[in-house]
$ cat upload_28.tsv   # TSV, C-alpha atoms
chain	number	residue	atom	x	y	z
A	11	MET	CA	91.84	-30.06	-157.90
A	12	ALA	CA	88.89	-31.70	-156.14
A	13	ARG	CA	85.39	-30.65	-157.12
A	14	ALA	CA	83.46	-28.77	-154.46
A	15	GLN	CA	80.74	-30.58	-152.51
A	16	PHE	CA	77.45	-28.78	-152.05
A	17	HIS	CA	74.93	-28.44	-149.27
A	18	ASP	CA	71.80	-26.39	-148.72
A	19	ASN	CA	73.70	-23.31	-147.52
A	20	ALA	CA	76.57	-23.39	-150.04
A	21	ASP	CA	77.73	-19.85	-150.75
A	22	PRO	CA	79.24	-19.51	-154.26
A	23	VAL	CA	80.52	-15.98	-153.56
A	24	ALA	CA	83.17	-17.39	-151.21
A	25	PRO	CA	84.88	-19.69	-153.77
A	26	ALA	CA	84.62	-16.91	-156.35
A	27	ALA	CA	86.53	-14.64	-153.97
A	28	GLU	CA	89.12	-17.37	-153.33
A	29	ILE	CA	90.19	-17.59	-156.98
A	30	ARG	CA	90.46	-13.83	-157.49
A	31	PRO	CA	94.25	-13.79	-156.99
A	32	LEU	CA	94.60	-16.38	-159.77
A	33	LEU	CA	92.39	-14.34	-162.09
A	34	ALA	CA	94.40	-11.20	-161.35
A	35	ARG	CA	97.66	-12.96	-162.26
A	36	ASN	CA	96.20	-14.22	-165.54
A	37	ALA	CA	94.19	-11.15	-166.61
A	38	ALA	CA	96.82	-9.73	-168.96
A	39	ARG	CA	97.44	-13.16	-170.46
A	40	ALA	CA	93.72	-13.67	-171.13
A	41	GLU	CA	93.62	-10.35	-172.95
A	42	ARG	CA	96.76	-11.08	-174.95
A	43	ASP	CA	95.68	-14.62	-175.97
A	44	ARG	CA	92.04	-13.59	-176.64
A	45	ARG	CA	90.83	-16.54	-174.58
A	46	LEU	CA	90.85	-17.62	-170.94
A	47	PRO	CA	93.89	-19.53	-169.68
A	48	GLN	CA	93.17	-23.19	-168.96
A	49	GLU	CA	94.19	-22.51	-165.37
A	50	ASN	CA	91.17	-20.20	-165.02
A	51	ILE	CA	88.85	-22.80	-166.51
A	52	ASP	CA	90.16	-25.50	-164.18
A	53	ALA	CA	89.67	-23.29	-161.11
A	54	LEU	CA	86.13	-22.40	-162.13
A	55	GLU	CA	85.30	-26.07	-162.74
A	56	ALA	CA	86.78	-27.11	-159.39
A	57	ALA	CA	84.51	-24.61	-157.61
A	58	ASN	CA	81.56	-25.54	-159.90
A	59	LEU	CA	81.11	-21.85	-160.71
A	60	PHE	CA	79.87	-22.53	-164.23
A	61	LYS	CA	76.79	-24.05	-162.58
A	62	LEU	CA	75.77	-21.09	-160.46
A	63	MET	CA	72.36	-21.03	-162.18
A	64	THR	CA	72.02	-24.79	-162.68
A	65	PRO	CA	69.47	-26.65	-160.51
A	66	ARG	CA	70.66	-29.14	-157.91
A	67	ARG	CA	69.28	-32.08	-159.87
A	68	TRP	CA	72.17	-31.53	-162.28
A	69	ASN	CA	74.81	-30.85	-159.59
A	70	GLY	CA	74.36	-27.09	-159.66
A	71	TYR	CA	74.28	-24.65	-156.77
A	72	GLY	CA	70.53	-24.18	-157.05
A	73	ALA	CA	71.17	-20.70	-155.68
A	74	PRO	CA	68.82	-17.72	-155.76
A	75	LEU	CA	69.40	-15.51	-158.77
A	76	ALA	CA	70.71	-12.65	-156.62
A	77	THR	CA	73.38	-14.93	-155.15
A	78	ALA	CA	74.51	-16.14	-158.58
A	79	LEU	CA	74.75	-12.56	-159.83
A	80	ASN	CA	76.89	-11.54	-156.87
A	81	ALA	CA	79.27	-14.45	-157.50
A	82	HIS	CA	79.69	-13.41	-161.15
A	83	ALA	CA	80.37	-9.84	-160.02
A	84	GLU	CA	82.99	-11.07	-157.55
A	85	LEU	CA	84.94	-12.75	-160.37
A	86	ALA	CA	84.81	-9.55	-162.42
A	87	LYS	CA	86.68	-7.60	-159.76
A	88	GLU	CA	89.87	-9.15	-161.14
A	89	CYS	CA	88.97	-10.26	-164.68
A	90	ALA	CA	85.78	-9.16	-166.40
A	91	SER	CA	86.43	-11.56	-169.30
A	92	THR	CA	86.50	-14.54	-166.93
A	93	ALA	CA	83.32	-13.37	-165.23
A	94	TRP	CA	81.60	-12.82	-168.58
A	95	VAL	CA	82.46	-16.29	-169.89
A	96	THR	CA	81.37	-17.87	-166.60
A	97	MET	CA	78.12	-15.93	-166.73
A	98	ILE	CA	77.34	-16.79	-170.39
A	99	ILE	CA	78.10	-20.48	-169.91
A	100	GLY	CA	76.04	-20.42	-166.71
A	101	ALA	CA	73.07	-18.82	-168.48
A	102	CYS	CA	73.25	-21.36	-171.32
A	103	LEU	CA	73.36	-24.23	-168.82
A	104	TRP	CA	70.31	-22.74	-167.10
A	105	LEU	CA	68.40	-22.62	-170.39
A	106	ALA	CA	69.43	-26.21	-171.12
A	107	SER	CA	67.93	-27.20	-167.75
A	108	LEU	CA	64.56	-25.96	-169.05
A	109	LEU	CA	64.52	-28.37	-172.01
A	110	PRO	CA	62.18	-31.36	-172.24
A	111	ASP	CA	63.40	-34.23	-170.07
A	112	PRO	CA	65.25	-36.19	-172.80
A	113	GLY	CA	67.16	-33.05	-173.79
A	114	GLN	CA	68.16	-32.26	-170.21
A	115	GLU	CA	69.26	-35.82	-169.63
A	116	GLU	CA	71.31	-36.08	-172.82
A	117	ILE	CA	73.16	-32.82	-172.20
A	118	PHE	CA	73.73	-32.95	-168.45
A	119	GLU	CA	74.73	-36.62	-168.45
A	120	SER	CA	77.07	-36.20	-171.44
A	121	LEU	CA	80.29	-34.91	-169.85
A	122	ALA	CA	81.73	-34.34	-166.39
A	123	ASP	CA	83.02	-30.87	-167.38
A	124	LEU	CA	79.95	-29.68	-169.24
A	125	ARG	CA	80.05	-26.16	-170.68
A	126	ILE	CA	77.68	-24.51	-173.17
A	127	SER	CA	78.28	-21.35	-175.17
A	128	GLY	CA	75.66	-19.50	-177.15
A	129	VAL	CA	73.90	-16.37	-178.31
A	130	ILE	CA	70.26	-15.28	-177.92
A	131	SER	CA	70.01	-13.61	-181.32
A	132	ALA	CA	68.03	-15.26	-184.12
A	133	THR	CA	70.51	-14.75	-186.96
A	134	ILE	CA	70.35	-18.41	-188.03
A	135	LYS	CA	67.51	-19.77	-190.18
A	136	GLY	CA	65.81	-23.11	-189.57
A	137	ARG	CA	63.17	-25.26	-191.22
A	138	ARG	CA	61.15	-28.05	-189.67
A	139	VAL	CA	61.79	-31.61	-190.81
A	140	ALA	CA	60.74	-34.97	-189.40
A	141	GLY	CA	61.86	-35.19	-185.78
A	142	GLY	CA	63.46	-31.77	-185.49
A	143	ILE	CA	64.80	-28.70	-187.28
A	144	ARG	CA	67.60	-28.23	-189.81
A	145	VAL	CA	69.50	-24.99	-189.39
A	146	SER	CA	72.09	-23.02	-191.35
A	147	GLY	CA	73.74	-19.69	-190.66
A	148	LYS	CA	75.91	-17.85	-188.18
A	149	ASN	CA	75.52	-16.70	-184.57
A	150	GLY	CA	78.11	-14.06	-183.71
A	151	PHE	CA	79.57	-13.10	-180.32
A	152	ALA	CA	79.53	-16.58	-178.76
A	153	SER	CA	81.46	-15.89	-175.56
A	154	GLY	CA	83.26	-18.93	-174.16
A	155	CYS	CA	82.90	-21.02	-177.31
A	156	LEU	CA	86.60	-21.96	-177.18
A	157	HIS	CA	86.00	-23.68	-173.83
A	158	SER	CA	82.61	-25.31	-174.45
A	159	SER	CA	81.46	-28.79	-175.38
A	160	TRP	CA	77.95	-27.76	-176.49
A	161	ALA	CA	76.53	-24.81	-178.41
A	162	LEU	CA	73.27	-22.95	-177.90
A	163	LEU	CA	71.97	-21.64	-181.22
A	164	CYS	CA	69.12	-19.17	-181.62
A	165	PHE	CA	67.24	-19.30	-184.90
A	166	ALA	CA	64.15	-18.16	-186.72
A	167	VAL	CA	62.01	-21.02	-187.99
A	168	GLU	CA	60.71	-20.44	-191.51
A	169	ASP	CA	57.88	-22.10	-193.40
A	170	ALA	CA	58.02	-23.36	-196.98
A	171	VAL	CA	57.84	-19.82	-198.41
A	172	GLN	CA	60.41	-18.41	-195.94
A	173	ASN	CA	57.99	-16.65	-193.63
A	174	VAL	CA	59.22	-16.62	-190.02
A	175	VAL	CA	56.76	-18.63	-187.95
A	176	ASP	CA	58.67	-19.11	-184.68
A	177	GLN	CA	61.86	-18.28	-182.79
A	178	VAL	CA	63.52	-21.07	-180.85
A	179	ILE	CA	66.84	-22.08	-179.35
A	180	GLY	CA	68.48	-25.42	-179.95
A	181	PHE	CA	71.47	-27.25	-178.56
A	182	ALA	CA	74.13	-29.10	-180.54
A	183	PRO	CA	77.50	-30.64	-179.69
A	184	MET	CA	80.31	-28.19	-180.40
A	185	SER	CA	81.90	-30.91	-182.56
A	186	GLU	CA	79.09	-30.29	-185.08
A	187	ILE	CA	79.71	-26.53	-185.17
A	188	GLU	CA	82.43	-24.50	-186.87
A	189	ILE	CA	84.01	-21.54	-185.07
A	190	GLU	CA	85.12	-18.48	-187.04
A	191	ASP	CA	87.84	-16.41	-185.37
A	192	THR	CA	86.17	-12.99	-185.44
A	193	TRP	CA	86.72	-11.51	-181.95
A	194	PHE	CA	89.11	-8.58	-182.40
A	195	VAL	CA	87.94	-5.81	-180.07
A	196	ALA	CA	89.11	-3.05	-177.74
A	197	GLY	CA	87.79	-4.65	-174.54
A	198	MET	CA	86.58	-7.98	-173.13
A	199	ARG	CA	89.25	-9.53	-175.31
A	200	GLY	CA	89.63	-12.66	-173.18
A	201	THR	CA	86.05	-13.82	-173.80
A	202	GLY	CA	86.89	-15.30	-177.20
A	203	SER	CA	83.43	-14.27	-178.40
A	204	ASN	CA	83.79	-15.70	-181.87
A	205	THR	CA	81.17	-16.72	-184.44
A	206	LEU	CA	79.36	-20.08	-184.48
A	207	VAL	CA	78.62	-21.48	-187.94
A	208	ALA	CA	75.95	-24.13	-188.60
A	209	LYS	CA	75.80	-25.82	-191.99
A	210	ASP	CA	72.60	-27.80	-192.59
A	211	LEU	CA	72.76	-28.98	-188.98
A	212	PHE	CA	70.01	-31.26	-187.67
A	213	ILE	CA	68.79	-30.56	-184.12
A	214	PRO	CA	66.27	-33.08	-182.74
A	215	ASP	CA	63.08	-31.91	-181.07
A	216	HIS	CA	64.17	-32.94	-177.57
A	217	ARG	CA	67.05	-30.44	-177.80
A	218	ILE	CA	64.85	-27.55	-178.92
A	219	PHE	CA	63.53	-24.96	-176.48
A	220	PRO	CA	60.44	-23.02	-177.68
A	221	LEU	CA	61.63	-19.55	-176.69
A	222	MET	CA	58.55	-17.54	-177.62
A	223	SER	CA	56.03	-19.82	-175.90
A	224	ALA	CA	58.31	-20.01	-172.85
A	225	LEU	CA	58.33	-16.20	-172.67
A	226	GLU	CA	54.55	-16.39	-172.50
A	227	GLY	CA	54.77	-18.71	-169.48
A	228	ALA	CA	54.59	-22.12	-171.16
A	229	PRO	CA	58.00	-23.84	-170.89
A	230	PRO	CA	58.29	-27.55	-171.73
A	231	ARG	CA	56.81	-29.90	-169.13
A	232	THR	CA	59.30	-31.99	-167.18
A	233	LYS	CA	59.10	-34.97	-164.85
A	234	HIS	CA	61.72	-33.49	-162.52
A	235	ALA	CA	60.67	-31.66	-159.37
A	236	LEU	CA	60.72	-27.94	-160.05
A	237	GLU	CA	63.38	-25.81	-158.43
A	238	ILE	CA	63.58	-22.04	-158.11
A	239	SER	CA	65.59	-21.61	-161.34
A	240	ASP	CA	62.89	-23.47	-163.31
A	241	ARG	CA	60.48	-20.67	-162.42
A	242	TRP	CA	62.67	-17.62	-163.12
A	243	SER	CA	61.10	-15.27	-165.64
A	244	ILE	CA	63.31	-15.69	-168.72
A	245	ALA	CA	62.97	-12.34	-170.49
A	246	PRO	CA	63.97	-10.06	-167.58
A	247	ALA	CA	66.55	-12.51	-166.19
A	248	LEU	CA	68.68	-12.59	-169.35
A	249	PRO	CA	69.62	-8.87	-169.49
A	250	LEU	CA	69.90	-8.71	-165.69
A	251	ILE	CA	72.52	-11.46	-165.72
A	252	LEU	CA	74.62	-9.44	-168.18
A	253	LEU	CA	75.02	-6.60	-165.67
A	254	SER	CA	76.96	-8.77	-163.20
A	255	PRO	CA	80.47	-8.50	-164.73
A	256	VAL	CA	79.88	-4.80	-165.48
A	257	LEU	CA	79.06	-3.98	-161.86
A	258	GLY	CA	81.81	-6.16	-160.41
A	259	ALA	CA	84.46	-4.51	-162.57
A	260	ALA	CA	83.08	-1.04	-161.78
A	261	LYS	CA	83.29	-1.66	-158.03
A	262	ALA	CA	86.91	-2.78	-158.40
A	263	LEU	CA	87.74	0.29	-160.50
A	264	LEU	CA	86.18	2.52	-157.83
A	265	GLU	CA	88.24	0.86	-155.08
A	266	ALA	CA	91.45	1.25	-157.10
A	267	THR	CA	90.73	4.92	-157.81
A	268	VAL	CA	90.00	5.66	-154.14
A	269	GLU	CA	93.28	4.04	-153.14
A	270	GLY	CA	95.20	5.88	-155.84
A	271	SER	CA	93.76	9.24	-154.82
A	272	ARG	CA	95.54	8.93	-151.47
A	273	LYS	CA	98.91	8.60	-153.20
A	274	ARG	CA	98.75	10.75	-156.35
A	275	ALA	CA	99.17	14.50	-156.53
A	276	ILE	CA	97.19	16.76	-158.86
A	277	SER	CA	99.61	18.02	-161.47
A	278	TYR	CA	100.15	21.77	-161.75
A	279	THR	CA	98.42	22.44	-158.40
A	280	THR	CA	99.47	22.60	-154.77
A	281	TYR	CA	97.58	19.39	-153.94
A	282	SER	CA	100.01	16.63	-152.93
A	283	ARG	CA	97.06	14.21	-152.61
A	284	GLN	CA	94.05	14.05	-154.91
A	285	ALA	CA	91.94	12.99	-151.93
A	286	ASP	CA	92.31	16.46	-150.39
A	287	SER	CA	90.73	18.22	-153.35
A	288	ALA	CA	87.07	19.24	-153.05
A	289	VAL	CA	86.63	18.67	-156.79
A	290	VAL	CA	87.94	15.10	-156.53
A	291	GLN	CA	85.82	14.48	-153.43
A	292	HIS	CA	82.73	15.54	-155.35
A	293	GLN	CA	83.66	13.39	-158.39
A	294	MET	CA	84.32	10.34	-156.23
A	295	ALA	CA	81.07	10.71	-154.30
A	296	GLU	CA	79.00	11.07	-157.45
A	297	ALA	CA	80.70	8.09	-159.14
A	298	ALA	CA	80.25	5.92	-156.05
A	299	LEU	CA	76.57	6.82	-155.80
A	300	LYS	CA	75.98	6.04	-159.47
A	301	ILE	CA	77.52	2.60	-159.03
A	302	ASP	CA	75.48	2.09	-155.85
A	303	SER	CA	72.32	3.19	-157.65
A	304	ALA	CA	72.97	0.72	-160.45
A	305	SER	CA	73.55	-2.03	-157.87
A	306	LEU	CA	70.30	-1.22	-156.08
A	307	HIS	CA	68.31	-1.51	-159.32
A	308	TRP	CA	70.17	-4.75	-160.11
A	309	MET	CA	69.43	-6.37	-156.77
A	310	ARG	CA	65.82	-5.15	-156.61
A	311	ALA	CA	65.16	-6.74	-160.00
A	312	ALA	CA	66.83	-9.99	-158.93
A	313	GLY	CA	64.69	-9.98	-155.79
A	314	ASP	CA	61.54	-9.52	-157.87
A	315	ILE	CA	62.45	-12.48	-160.10
A	316	ASP	CA	63.41	-14.69	-157.14
A	317	GLY	CA	60.33	-13.67	-155.17
A	318	ALA	CA	57.91	-14.51	-157.97
A	319	ALA	CA	59.69	-17.83	-158.62
A	320	ALA	CA	59.52	-18.79	-154.94
A	321	VAL	CA	55.73	-18.60	-154.92
A	322	GLY	CA	55.26	-19.97	-158.43
A	323	LYS	CA	53.92	-16.75	-159.94
A	324	SER	CA	54.72	-15.02	-163.21
A	325	LEU	CA	55.89	-11.43	-163.20
A	326	ASP	CA	53.38	-9.03	-164.72
A	327	TYR	CA	54.23	-7.29	-167.97
A	328	LEU	CA	54.90	-3.87	-166.46
A	329	THR	CA	57.37	-5.33	-163.94
A	330	ARG	CA	59.18	-7.23	-166.69
A	331	ALA	CA	59.38	-4.06	-168.78
A	332	ARG	CA	60.60	-2.09	-165.75
A	333	ILE	CA	63.42	-4.58	-165.19
A	334	ARG	CA	64.45	-4.25	-168.82
A	335	GLY	CA	64.49	-0.47	-168.40
A	336	GLU	CA	66.49	-0.80	-165.18
A	337	CYS	CA	69.11	-2.91	-166.95
A	338	GLY	CA	69.82	-0.26	-169.58
A	339	TYR	CA	69.65	2.55	-167.05
A	340	ALA	CA	72.06	0.78	-164.68
A	341	ALA	CA	74.55	0.13	-167.50
A	342	ARG	CA	74.47	3.82	-168.42
A	343	LEU	CA	75.00	4.89	-164.81
A	344	VAL	CA	78.02	2.62	-164.51
A	345	ARG	CA	79.55	3.94	-167.74
A	346	GLU	CA	79.14	7.52	-166.56
A	347	ALA	CA	80.72	6.64	-163.22
A	348	VAL	CA	83.78	4.88	-164.61
A	349	ASP	CA	84.40	7.62	-167.18
A	350	ALA	CA	84.52	10.13	-164.32
A	351	LEU	CA	86.81	7.85	-162.31
A	352	MET	CA	89.25	7.59	-165.20
A	353	SER	CA	89.36	11.38	-165.35
A	354	VAL	CA	90.33	11.40	-161.68
A	355	GLY	CA	93.05	8.89	-162.48
A	356	GLY	CA	94.48	11.19	-165.13
A	357	GLY	CA	96.85	10.26	-167.91
A	358	SER	CA	98.67	7.62	-165.84
A	359	ALA	CA	95.41	5.66	-165.54
A	360	PHE	CA	95.67	4.83	-169.25
A	361	ALA	CA	99.16	3.34	-169.08
A	362	GLU	CA	99.24	-0.25	-170.36
A	363	ALA	CA	100.63	-1.37	-167.00
A	364	ALA	CA	97.59	0.08	-165.17
A	365	SER	CA	94.90	-2.53	-164.59
A	366	ILE	CA	92.16	0.10	-164.39
A	367	GLN	CA	92.50	0.97	-168.08
A	368	ARG	CA	91.65	-2.66	-168.87
A	369	MET	CA	88.67	-2.48	-166.49
A	370	TRP	CA	87.52	0.73	-168.18
A	371	ARG	CA	87.77	-0.82	-171.66
A	372	ASP	CA	86.00	-3.99	-170.51
A	373	ILE	CA	83.16	-2.01	-168.92
A	374	SER	CA	82.85	0.22	-171.98
A	375	ILE	CA	82.40	-2.81	-174.25
A	376	ALA	CA	80.28	-5.02	-171.97
A	377	SER	CA	77.87	-2.24	-170.98
A	378	ARG	CA	77.02	-1.71	-174.65
A	379	HIS	CA	75.59	-5.20	-175.14
A	380	GLY	CA	72.31	-4.91	-177.05
A	381	MET	CA	70.21	-6.28	-174.18
A	382	ILE	CA	71.46	-3.61	-171.75
A	383	SER	CA	71.49	-0.68	-174.15
A	384	ALA	CA	69.86	2.27	-172.37
A	385	GLY	CA	68.04	3.78	-175.37
A	386	PRO	CA	65.95	0.76	-176.43
A	387	ASP	CA	65.53	-0.53	-172.86
A	388	LEU	CA	64.13	2.77	-171.63
A	389	GLU	CA	61.81	2.99	-174.63
A	390	MET	CA	60.48	-0.50	-173.85
A	391	TYR	CA	59.74	0.50	-170.28
A	392	GLY	CA	58.33	3.87	-171.28
A	393	ARG	CA	55.89	2.31	-173.73
A	394	ALA	CA	54.71	-0.17	-171.10
A	395	LEU	CA	54.48	2.54	-168.44
A	396	LEU	CA	52.39	4.78	-170.67
A	397	GLY	CA	50.22	1.97	-172.00
A	398	VAL	CA	51.29	2.51	-175.59
A	399	GLU	CA	50.10	-0.42	-177.68
A	400	GLY	CA	52.77	-2.82	-178.85
A	401	ASN	CA	56.47	-2.69	-178.08
A	402	ILE	CA	59.77	-2.66	-179.93
A	403	ALA	CA	60.97	-6.16	-178.93
A	404	PRO	CA	59.37	-9.50	-178.06
A	405	LEU	CA	61.89	-10.31	-175.32
A	406	ILE	CA	60.13	-8.59	-172.42
$ encode --input "upload_28.tsv" --output "structure tokens"
Amino acid sequence: MARAQFHDNADPVAPAAEIRPLLARNAARAERDRRLPQENIDALEAANLFKLMTPRRWNGYGAPLATALNAHAELAKECASTAWVTMIIGACLWLASLLPDPGQEEIFESLADLRISGVISATIKGRRVAGGIRVSGKNGFASGCLHSSWALLCFAVEDAVQNVVDQVIGFAPMSEIEIEDTWFVAGMRGTGSNTLVAKDLFIPDHRIFPLMSALEGAPPRTKHALEISDRWSIAPALPLILLSPVLGAAKALLEATVEGSRKRAISYTTYSRQADSAVVQHQMAEAALKIDSASLHWMRAAGDIDGAAAVGKSLDYLTRARIRGECGYAARLVREAVDALMSVGGGSAFAEAASIQRMWRDISIASRHGMISAGPDLEMYGRALLGVEGNIAPLI
């Protein structure tokens, strides 16, 4: 399959929509095999959809963040696992494009079908040595690792007496990493989100991204002309990206439930169509509005990040904290909506042959990711809103 050619007005949502029938056919297989079928990977590569957030200098779409998020959501309408893997690999490629020049050049010139899997959770320990950092430990939940050629590792840098002095991310060829088969879950089964294991692995300085200083607005300097993705605010963008598959799957579940309500009766009542019931009408309206509300928060936040990047400004702390709060709040709204929709669907909605039960399980798992967990996210925003000193996480 020929690789897509890009121009200034390339719309990635259109090719994402074109491969939806393929994803629908393979969704059950992805879940059964606990990894994406190679056919899915090939279709995503052909449309360059792994590079939705990659700048044009490295053959990416160079699209606004809002556009990339909508393309990820489009994929999720048929297979949330495929959308999630595409989104994670895309985010890792974006972070790699922020490395110092030698790191960018080594990674993006390494392979034609470049894919990076990783986790932004500092569960690995590292220590500085001449020319880089040596790391050992495990990063769990590495979505897409079975399809990737590079790994993004997040680790805490310790000094000689094991005090944590920094938190960074580093990139290593997947050939230098071990993968533990640990992904046995109720939903998002096709993501293959296994555990990456590093054993005294050396990562050179040019492949290390100083996460904490970048969060404070000081990413590595590069010789390449800056593009919009180079200026996105990292801390609010990361959780916002995670919402894309959740919202795409929720919209598809809503559409399927609306269609089903025109055909199904309500058992033990005189209603021959659910759609004629005032109770169902109320439930459907409320669920639809919750999904719409989540989408409005999602797109407003993306617009804020894109808008600031376009004029070369950093988002203020309160706005960043608000976006983090919006992410958790939106995830909770979606979960509430899909739970209500499954109740409308009734017992038949949970049959193994019904695709909406897979959507429901996928949304239930994905929306509980730590970065979009409503409790902590709302606390972060509340503390910032009220001017309470300090906060409960550095990633804001």
$ atom_distance --input "upload_28.tsv" --atom1 "CA of Ser353 in chain A" --atom2 "CA of Gln291 in chain A"
12.8 Å
$ residues_around --input "upload_28.tsv" --residues "Val129 in chain A" --least-positions-apart "3" --cutoff "10 Å" --atoms "all atoms listed in the file" --output "list of chain:residue names"
A:Ile98, A:Cys102, A:Ala132, A:Thr133, A:Asn149, A:Gly150, A:Phe151, A:Ala152, A:Ser153, A:Ala161, A:Leu162, A:Leu163, A:Cys164, A:Phe165, A:Ile179, A:Ser203, A:Thr205, A:Leu206
$ residues_around --input "upload_28.tsv" --residues "Ala20 in chain A" --least-positions-apart "5" --cutoff "12 Å" --atoms "all atoms listed in the file" --output "list in words"
Ala14, Gln15, Pro25, Ala57, Asn58, Leu59, Leu62, Arg66, Gly70, Tyr71, Gly72, Ala73, Pro74, Thr77, Ala78 and Ala81 of chain A
$ closest_residue --input "upload_28.tsv" --among "A:Phe194, A:Trp242, A:Phe118, A:Tyr339" --to "Ala384 in chain A" --atoms "all atoms listed in the file"
A:Tyr339
$ atom_distance --input "upload_28.tsv" --atom1 "CA of Val178 in chain A" --atom2 "CA of Thr232 in chain A"
18.0 Å
$ atom_distance --input "upload_28.tsv" --atom1 "CA of Gly355 in chain A" --atom2 "CA of Ala285 in chain A"
11.4 Å
$ closest_residue --input "upload_28.tsv" --among "A:Leu328, A:Met381, A:Ala37, A:Gly356" --to "Leu396 in chain A" --atoms "all atoms listed in the file"
A:Leu328
$ residues_around --input "upload_28.tsv" --residues "Arg45 in chain A" --least-positions-apart "6" --cutoff "8 Å" --atoms "all atoms listed in the file" --output "ChimeraX atom specification"
/A:154,156,199-202
$ closest_residue --input "upload_28.tsv" --among "A:Arg330, A:Lys323, A:Arg378, A:Lys135" --to "Pro404 in chain A" --atoms "only C-alpha atoms"
A:Arg330
$ closest_residue --input "upload_28.tsv" --among "A:Arg393, A:Arg345, A:Arg310, A:Arg274" --to "Ile375 in chain A" --atoms "only C-alpha atoms"
A:Arg345
$ closest_residue --input "upload_28.tsv" --among "A:Ala311, A:Met184, A:Ile51, A:Cys337" --to "Pro249 in chain A" --atoms "only C-alpha atoms"
A:Cys337
$ residues_around --input "upload_28.tsv" --residues "Ala182 in chain A" --least-positions-apart "3" --cutoff "12 Å" --atoms "all atoms listed in the file" --output "count of residues only"
35
$ residues_around --input "upload_28.tsv" --residues "range 250-258 of chain A" --least-positions-apart "6" --cutoff "9 Å" --atoms "all atoms listed in the file" --output "PyMOL selection string"
chain A and resi 75+78-94+97-98+101+301+304-305+308+311-312+333-334+336-337+340-341+344+372-374+376-377+379+381-382
$ closest_residue --input "upload_28.tsv" --among "A:Gly380, A:Gly392, A:Gly270, A:Gly385" --to "Arg332 in chain A" --atoms "all atoms listed in the file"
A:Gly392
$ residues_near_point --input "upload_28.tsv" --point "(92.7, 16.4, -148.6)" --cutoff "12 Å" --atoms "only C-alpha atoms" --output "MDAnalysis selection string"
chainID A and resid 271:276 280:291
$ write_last_selection --input "upload_28.tsv" --atoms "C-alpha atoms" --output "CSV table (one decimal), in the coordinates of the input"
chain,number,residue,atom,x,y,z
A,271,SER,CA,93.8,9.2,-154.8
A,272,ARG,CA,95.5,8.9,-151.5
A,273,LYS,CA,98.9,8.6,-153.2
A,274,ARG,CA,98.8,10.8,-156.4
A,275,ALA,CA,99.2,14.5,-156.5
A,276,ILE,CA,97.2,16.8,-158.9
A,280,THR,CA,99.5,22.6,-154.8
A,281,TYR,CA,97.6,19.4,-153.9
A,282,SER,CA,100.0,16.6,-152.9
A,283,ARG,CA,97.1,14.2,-152.6
A,284,GLN,CA,94.0,14.0,-154.9
A,285,ALA,CA,91.9,13.0,-151.9
A,286,ASP,CA,92.3,16.5,-150.4
A,287,SER,CA,90.7,18.2,-153.4
A,288,ALA,CA,87.1,19.2,-153.0
A,289,VAL,CA,86.6,18.7,-156.8
A,290,VAL,CA,87.9,15.1,-156.5
A,291,GLN,CA,85.8,14.5,-153.4
$ build_atoms --input "upload_28.tsv" --residues "range 323-333 of chain A" --atoms "N, CA and C atoms" --output "tab-separated table (two decimals), in the coordinates of the input"
chain	number	residue	atom	x	y	z
A	323	LYS	N	54.69	-17.72	-159.18
A	323	LYS	CA	53.92	-16.75	-159.94
A	323	LYS	C	54.75	-16.17	-161.08
A	324	SER	N	54.05	-15.70	-162.09
A	324	SER	CA	54.72	-15.02	-163.21
A	324	SER	C	54.75	-13.53	-162.94
A	325	LEU	N	55.82	-12.89	-163.31
A	325	LEU	CA	55.89	-11.43	-163.20
A	325	LEU	C	54.94	-10.79	-164.20
A	326	ASP	N	54.26	-9.73	-163.79
A	326	ASP	CA	53.38	-9.03	-164.72
A	326	ASP	C	54.20	-8.27	-165.77
A	327	TYR	N	53.53	-7.90	-166.84
A	327	TYR	CA	54.23	-7.29	-167.97
A	327	TYR	C	54.94	-6.00	-167.59
A	328	LEU	N	54.30	-5.15	-166.81
A	328	LEU	CA	54.90	-3.87	-166.46
A	328	LEU	C	56.17	-4.09	-165.63
A	329	THR	N	56.16	-5.05	-164.73
A	329	THR	CA	57.37	-5.33	-163.94
A	329	THR	C	58.49	-5.85	-164.83
A	330	ARG	N	58.16	-6.73	-165.77
A	330	ARG	CA	59.18	-7.23	-166.69
A	330	ARG	C	59.76	-6.09	-167.52
A	331	ALA	N	58.89	-5.20	-167.98
A	331	ALA	CA	59.38	-4.06	-168.78
A	331	ALA	C	60.22	-3.12	-167.91
A	332	ARG	N	59.81	-2.95	-166.65
A	332	ARG	CA	60.60	-2.09	-165.75
A	332	ARG	C	62.00	-2.66	-165.54
A	333	ILE	N	62.10	-3.97	-165.38
A	333	ILE	CA	63.42	-4.58	-165.19
A	333	ILE	C	64.27	-4.38	-166.43
